[in-house]
Amino acid sequence: METMTSSMAFQHGEPRLHGEYKVPGGKLVVVDLDLVDGRFANVSLSGDFFLEPDEALMDINRALTGLPESSTPAEISAAVSAALPADSVLFGFSADAVAVAVRRALSKASGWADHQWEVIPPSVLPTRLNVALDEVLTEQVGAGLRNPTLRFWDWEEPSVVIGSFQSFRNEVDPDGVARHGITV
């Protein structure tokens with residue numbers, strides 16, 4: 001008998017693993033699976049994506065079934081891609097997105113290789129613009145509109161940046177700021 005507890009299904013006393021991944025600008029990919037002797041079993045892929053032909057969903061589930069728990073994101077993605085018929089079309093997701101959802105189900109989606117990073121090199125900008133860009137980029141990543149992003153700053157004036165939980169009075173000497181022409 002299967003019961004639901006804390007969003008995890010339990011079968012035969014073992015927790016059913018569940019992973020989700022919202023593709024930036026795309027769809028939700030959900031994977032539920034069991035681990036049996038260190039291999040994926042009873043794999044079920046779902047989500048709000050579109051996939052043609054419909055039978056390709058079963059092909060993906062079969063491709064994941066039996067893979068070792070130690071599979072890398074690249075190996076998982078390759079297995080999914082290899083199992084798809086040549087005429088398959090994935091709308092709003094990819095084999096890589098399935099790999100991320102699987103790794104999240106295994107609680108292993110914490111490595112750099114589990115994400116497609118965007119790196120923005122430094123360009124000289126006013127400090128206020130740097131801070132504003134960081135806010136916009138953070139909101140876009142959080143909303144799933146862009147991939148994780150690492151941005152390097154370079155500013156054009158001497159500056160002190162105060163975090164949202166810091167206080168000007170506790171962090172900065174106003175006389176020193178005025179004397180040295182520092183942007184806060």
# chains A, B, ... in the order shown; residues from 1 in each chain; ligands from 1

call {"tool": "select_by_dssp", "arguments": {"residues": "stretch 1-166 of chain A", "states": "helix (DSSP H, G or I)", "output": "ChimeraX atom specification"}}
result
/A:56-64,73-83,95-105,112-114,127-142

call {"tool": "write_last_selection", "arguments": {"atoms": "N, CA and C atoms", "output": "tab-separated table (two decimals), in the first residue's frame"}}
result
chain	number	residue	atom	x	y	z
A	56	ALA	N	7.11	8.61	-26.94
A	56	ALA	CA	8.48	8.95	-26.56
A	56	ALA	C	8.63	9.08	-25.04
A	57	LEU	N	7.54	9.40	-24.36
A	57	LEU	CA	7.59	9.48	-22.89
A	57	LEU	C	7.98	8.13	-22.30
A	58	MET	N	7.40	7.06	-22.81
A	58	MET	CA	7.75	5.72	-22.33
A	58	MET	C	9.19	5.37	-22.70
A	59	ASP	N	9.65	5.85	-23.86
A	59	ASP	CA	11.04	5.61	-24.26
A	59	ASP	C	12.00	6.26	-23.26
A	60	ILE	N	11.66	7.47	-22.81
A	60	ILE	CA	12.51	8.16	-21.83
A	60	ILE	C	12.51	7.40	-20.51
A	61	ASN	N	11.33	6.99	-20.04
A	61	ASN	CA	11.25	6.23	-18.79
A	61	ASN	C	12.08	4.95	-18.87
A	62	ARG	N	11.99	4.25	-20.01
A	62	ARG	CA	12.78	3.01	-20.18
A	62	ARG	C	14.27	3.31	-20.22
A	63	ALA	N	14.65	4.41	-20.84
A	63	ALA	CA	16.07	4.76	-20.95
A	63	ALA	C	16.67	5.05	-19.58
A	64	LEU	N	15.89	5.65	-18.71
A	64	LEU	CA	16.37	5.98	-17.36
A	64	LEU	C	16.40	4.75	-16.45
A	73	PRO	N	25.25	13.92	-14.99
A	73	PRO	CA	24.23	14.59	-15.81
A	73	PRO	C	24.42	14.30	-17.30
A	74	ALA	N	25.66	14.29	-17.77
A	74	ALA	CA	25.93	14.02	-19.19
A	74	ALA	C	25.49	12.60	-19.58
A	75	GLU	N	25.72	11.64	-18.71
A	75	GLU	CA	25.32	10.25	-19.00
A	75	GLU	C	23.81	10.11	-19.02
A	76	ILE	N	23.13	10.78	-18.10
A	76	ILE	CA	21.66	10.73	-18.06
A	76	ILE	C	21.09	11.38	-19.32
A	77	SER	N	21.61	12.54	-19.67
A	77	SER	CA	21.15	13.25	-20.86
A	77	SER	C	21.39	12.42	-22.12
A	78	ALA	N	22.56	11.81	-22.21
A	78	ALA	CA	22.89	10.98	-23.38
A	78	ALA	C	21.96	9.78	-23.49
A	79	ALA	N	21.62	9.16	-22.36
A	79	ALA	CA	20.71	8.00	-22.38
A	79	ALA	C	19.33	8.42	-22.88
A	80	VAL	N	18.86	9.59	-22.42
A	80	VAL	CA	17.55	10.08	-22.87
A	80	VAL	C	17.59	10.38	-24.36
A	81	SER	N	18.62	11.08	-24.82
A	81	SER	CA	18.73	11.44	-26.24
A	81	SER	C	18.81	10.20	-27.12
A	82	ALA	N	19.57	9.21	-26.69
A	82	ALA	CA	19.73	7.98	-27.49
A	82	ALA	C	18.43	7.19	-27.59
A	83	ALA	N	17.57	7.31	-26.60
A	83	ALA	CA	16.33	6.53	-26.58
A	83	ALA	C	15.22	7.15	-27.41
A	95	ALA	N	16.71	16.93	-22.98
A	95	ALA	CA	17.32	15.79	-22.28
A	95	ALA	C	18.13	16.28	-21.09
A	96	ASP	N	18.79	17.44	-21.24
A	96	ASP	CA	19.55	18.01	-20.12
A	96	ASP	C	18.63	18.38	-18.97
A	97	ALA	N	17.43	18.88	-19.25
A	97	ALA	CA	16.47	19.23	-18.20
A	97	ALA	C	16.03	17.97	-17.44
A	98	VAL	N	15.86	16.88	-18.15
A	98	VAL	CA	15.51	15.61	-17.49
A	98	VAL	C	16.64	15.20	-16.55
A	99	ALA	N	17.88	15.36	-17.01
A	99	ALA	CA	19.04	15.01	-16.17
A	99	ALA	C	19.06	15.84	-14.89
A	100	VAL	N	18.77	17.13	-14.99
A	100	VAL	CA	18.75	17.97	-13.79
A	100	VAL	C	17.66	17.49	-12.84
A	101	ALA	N	16.47	17.18	-13.34
A	101	ALA	CA	15.38	16.70	-12.48
A	101	ALA	C	15.76	15.39	-11.80
A	102	VAL	N	16.40	14.49	-12.54
A	102	VAL	CA	16.84	13.22	-11.95
A	102	VAL	C	17.85	13.48	-10.84
A	103	ARG	N	18.84	14.32	-11.12
A	103	ARG	CA	19.86	14.62	-10.11
A	103	ARG	C	19.24	15.27	-8.88
A	104	ARG	N	18.24	16.11	-9.08
A	104	ARG	CA	17.55	16.70	-7.93
A	104	ARG	C	16.81	15.64	-7.14
A	105	ALA	N	16.23	14.66	-7.82
A	105	ALA	CA	15.56	13.57	-7.11
A	105	ALA	C	16.56	12.81	-6.24
A	112	TRP	N	28.34	22.27	-9.87
A	112	TRP	CA	28.35	23.22	-10.97
A	112	TRP	C	27.92	22.56	-12.27
A	113	ALA	N	28.27	21.30	-12.47
A	113	ALA	CA	27.96	20.61	-13.72
A	113	ALA	C	26.48	20.35	-13.91
A	114	ASP	N	25.69	20.49	-12.84
A	114	ASP	CA	24.25	20.27	-12.95
A	114	ASP	C	23.52	21.50	-13.48
A	127	THR	N	28.62	52.40	-10.04
A	127	THR	CA	28.25	51.47	-8.97
A	127	THR	C	26.74	51.28	-8.88
A	128	ARG	N	26.00	52.37	-8.98
A	128	ARG	CA	24.53	52.26	-8.87
A	128	ARG	C	23.96	51.35	-9.97
A	129	LEU	N	24.52	51.42	-11.15
A	129	LEU	CA	24.07	50.55	-12.24
A	129	LEU	C	24.45	49.10	-11.97
A	130	ASN	N	25.66	48.85	-11.43
A	130	ASN	CA	26.06	47.49	-11.05
A	130	ASN	C	25.08	46.88	-10.06
A	131	VAL	N	24.72	47.66	-9.04
A	131	VAL	CA	23.79	47.17	-8.01
A	131	VAL	C	22.42	46.88	-8.63
A	132	ALA	N	21.95	47.77	-9.48
A	132	ALA	CA	20.65	47.58	-10.13
A	132	ALA	C	20.67	46.33	-11.02
A	133	LEU	N	21.75	46.13	-11.77
A	133	LEU	CA	21.85	44.94	-12.62
A	133	LEU	C	21.84	43.66	-11.78
A	134	ASP	N	22.55	43.66	-10.67
A	134	ASP	CA	22.54	42.48	-9.80
A	134	ASP	C	21.12	42.16	-9.33
A	135	GLU	N	20.36	43.17	-8.98
A	135	GLU	CA	18.98	42.95	-8.54
A	135	GLU	C	18.13	42.35	-9.66
A	136	VAL	N	18.22	42.92	-10.84
A	136	VAL	CA	17.43	42.42	-11.98
A	136	VAL	C	17.83	40.98	-12.32
A	137	LEU	N	19.13	40.71	-12.39
A	137	LEU	CA	19.58	39.36	-12.73
A	137	LEU	C	19.13	38.35	-11.69
A	138	THR	N	19.22	38.70	-10.41
A	138	THR	CA	18.79	37.79	-9.34
A	138	THR	C	17.31	37.49	-9.45
A	139	GLU	N	16.51	38.50	-9.71
A	139	GLU	CA	15.06	38.29	-9.86
A	139	GLU	C	14.75	37.40	-11.06
A	140	GLN	N	15.48	37.59	-12.17
A	140	GLN	CA	15.25	36.76	-13.35
A	140	GLN	C	15.64	35.31	-13.11
A	141	VAL	N	16.75	35.06	-12.43
A	141	VAL	CA	17.15	33.68	-12.11
A	141	VAL	C	16.10	33.06	-11.20
A	142	GLY	N	15.69	33.80	-10.16
A	142	GLY	CA	14.70	33.28	-9.22
A	142	GLY	C	13.36	32.97	-9.87

call {"tool": "residues_around", "arguments": {"residues": "stretch 120-123 of chain A", "least_positions_apart": "6", "cutoff": "9 Å", "atoms": "only C-alpha atoms", "output": "list of chain:residue names"}}
result
A:Thr149, A:Leu150, A:Arg151, A:Phe152, A:Trp153, A:Asp154, A:Trp155

call {"tool": "select_by_dssp", "arguments": {"residues": "chain A", "states": "strand (DSSP E)", "output": "ChimeraX atom specification"}}
result
/A:3-5,8-11,14-15,17-22,28-36,39-47,50-52,89-91,118-120,124-125,149-151,154-155

call {"tool": "write_last_selection", "arguments": {"atoms": "C-alpha atoms", "output": "PDB file, in the first residue's frame"}}
result
ATOM      1  CA  THR A   3       0.807   6.497   1.281  1.00  0.00           C
ATOM      2  CA  MET A   4       1.911  10.115   0.930  1.00  0.00           C
ATOM      3  CA  THR A   5       4.007  11.701   3.680  1.00  0.00           C
ATOM      4  CA  MET A   8       7.346  11.789  -0.647  1.00  0.00           C
ATOM      5  CA  ALA A   9       5.709   8.519  -1.579  1.00  0.00           C
ATOM      6  CA  PHE A  10       6.818   5.430   0.300  1.00  0.00           C
ATOM      7  CA  GLN A  11       6.849   1.967  -1.212  1.00  0.00           C
ATOM      8  CA  GLU A  14      11.705   3.139   1.143  1.00  0.00           C
ATOM      9  CA  PRO A  15      11.072   6.726   0.061  1.00  0.00           C
ATOM     10  CA  LEU A  17      12.527   9.933  -4.922  1.00  0.00           C
ATOM     11  CA  HIS A  18      11.070  13.073  -6.457  1.00  0.00           C
ATOM     12  CA  GLY A  19      12.840  15.819  -8.406  1.00  0.00           C
ATOM     13  CA  GLU A  20      11.589  18.904 -10.202  1.00  0.00           C
ATOM     14  CA  TYR A  21      13.231  21.370 -12.556  1.00  0.00           C
ATOM     15  CA  LYS A  22      11.666  24.489 -14.052  1.00  0.00           C
ATOM     16  CA  LEU A  28       8.351  22.073 -15.550  1.00  0.00           C
ATOM     17  CA  VAL A  29      10.055  18.657 -15.637  1.00  0.00           C
ATOM     18  CA  VAL A  30       9.224  16.186 -12.849  1.00  0.00           C
ATOM     19  CA  VAL A  31      10.863  12.814 -12.210  1.00  0.00           C
ATOM     20  CA  ASP A  32       9.767  10.212  -9.663  1.00  0.00           C
ATOM     21  CA  LEU A  33      11.841   7.084  -9.230  1.00  0.00           C
ATOM     22  CA  ASP A  34      12.971   4.372  -6.861  1.00  0.00           C
ATOM     23  CA  LEU A  35      16.491   3.115  -6.250  1.00  0.00           C
ATOM     24  CA  VAL A  36      16.887  -0.649  -6.320  1.00  0.00           C
ATOM     25  CA  ARG A  39      19.957   1.639 -10.015  1.00  0.00           C
ATOM     26  CA  PHE A  40      16.941   3.687 -11.140  1.00  0.00           C
ATOM     27  CA  ALA A  41      13.678   1.759 -11.067  1.00  0.00           C
ATOM     28  CA  ASN A  42       9.989   2.559 -11.598  1.00  0.00           C
ATOM     29  CA  VAL A  43      10.927   5.792 -13.355  1.00  0.00           C
ATOM     30  CA  SER A  44       8.089   8.184 -14.146  1.00  0.00           C
ATOM     31  CA  LEU A  45       8.691  11.419 -16.066  1.00  0.00           C
ATOM     32  CA  SER A  46       5.956  14.057 -16.081  1.00  0.00           C
ATOM     33  CA  GLY A  47       5.511  17.815 -16.190  1.00  0.00           C
ATOM     34  CA  PHE A  50       4.966  18.792 -24.645  1.00  0.00           C
ATOM     35  CA  LEU A  51       6.491  15.768 -26.336  1.00  0.00           C
ATOM     36  CA  GLU A  52       5.876  14.227 -29.746  1.00  0.00           C
ATOM     37  CA  VAL A  89      10.190  16.855 -30.710  1.00  0.00           C
ATOM     38  CA  LEU A  90      10.598  18.168 -27.150  1.00  0.00           C
ATOM     39  CA  PHE A  91       8.735  21.427 -26.498  1.00  0.00           C
ATOM     40  CA  GLU A 118      26.028  32.230 -17.792  1.00  0.00           C
ATOM     41  CA  VAL A 119      29.181  34.157 -16.945  1.00  0.00           C
ATOM     42  CA  ILE A 120      29.147  37.914 -17.523  1.00  0.00           C
ATOM     43  CA  VAL A 124      33.233  49.366 -16.209  1.00  0.00           C
ATOM     44  CA  LEU A 125      29.915  50.752 -14.973  1.00  0.00           C
ATOM     45  CA  THR A 149      24.439  33.770 -13.666  1.00  0.00           C
ATOM     46  CA  LEU A 150      27.825  34.784 -12.336  1.00  0.00           C
ATOM     47  CA  ARG A 151      28.624  38.431 -12.958  1.00  0.00           C
ATOM     48  CA  ASP A 154      34.228  46.666 -12.353  1.00  0.00           C
ATOM     49  CA  TRP A 155      33.244  50.153 -11.272  1.00  0.00           C
TER      50      TRP A 155
END
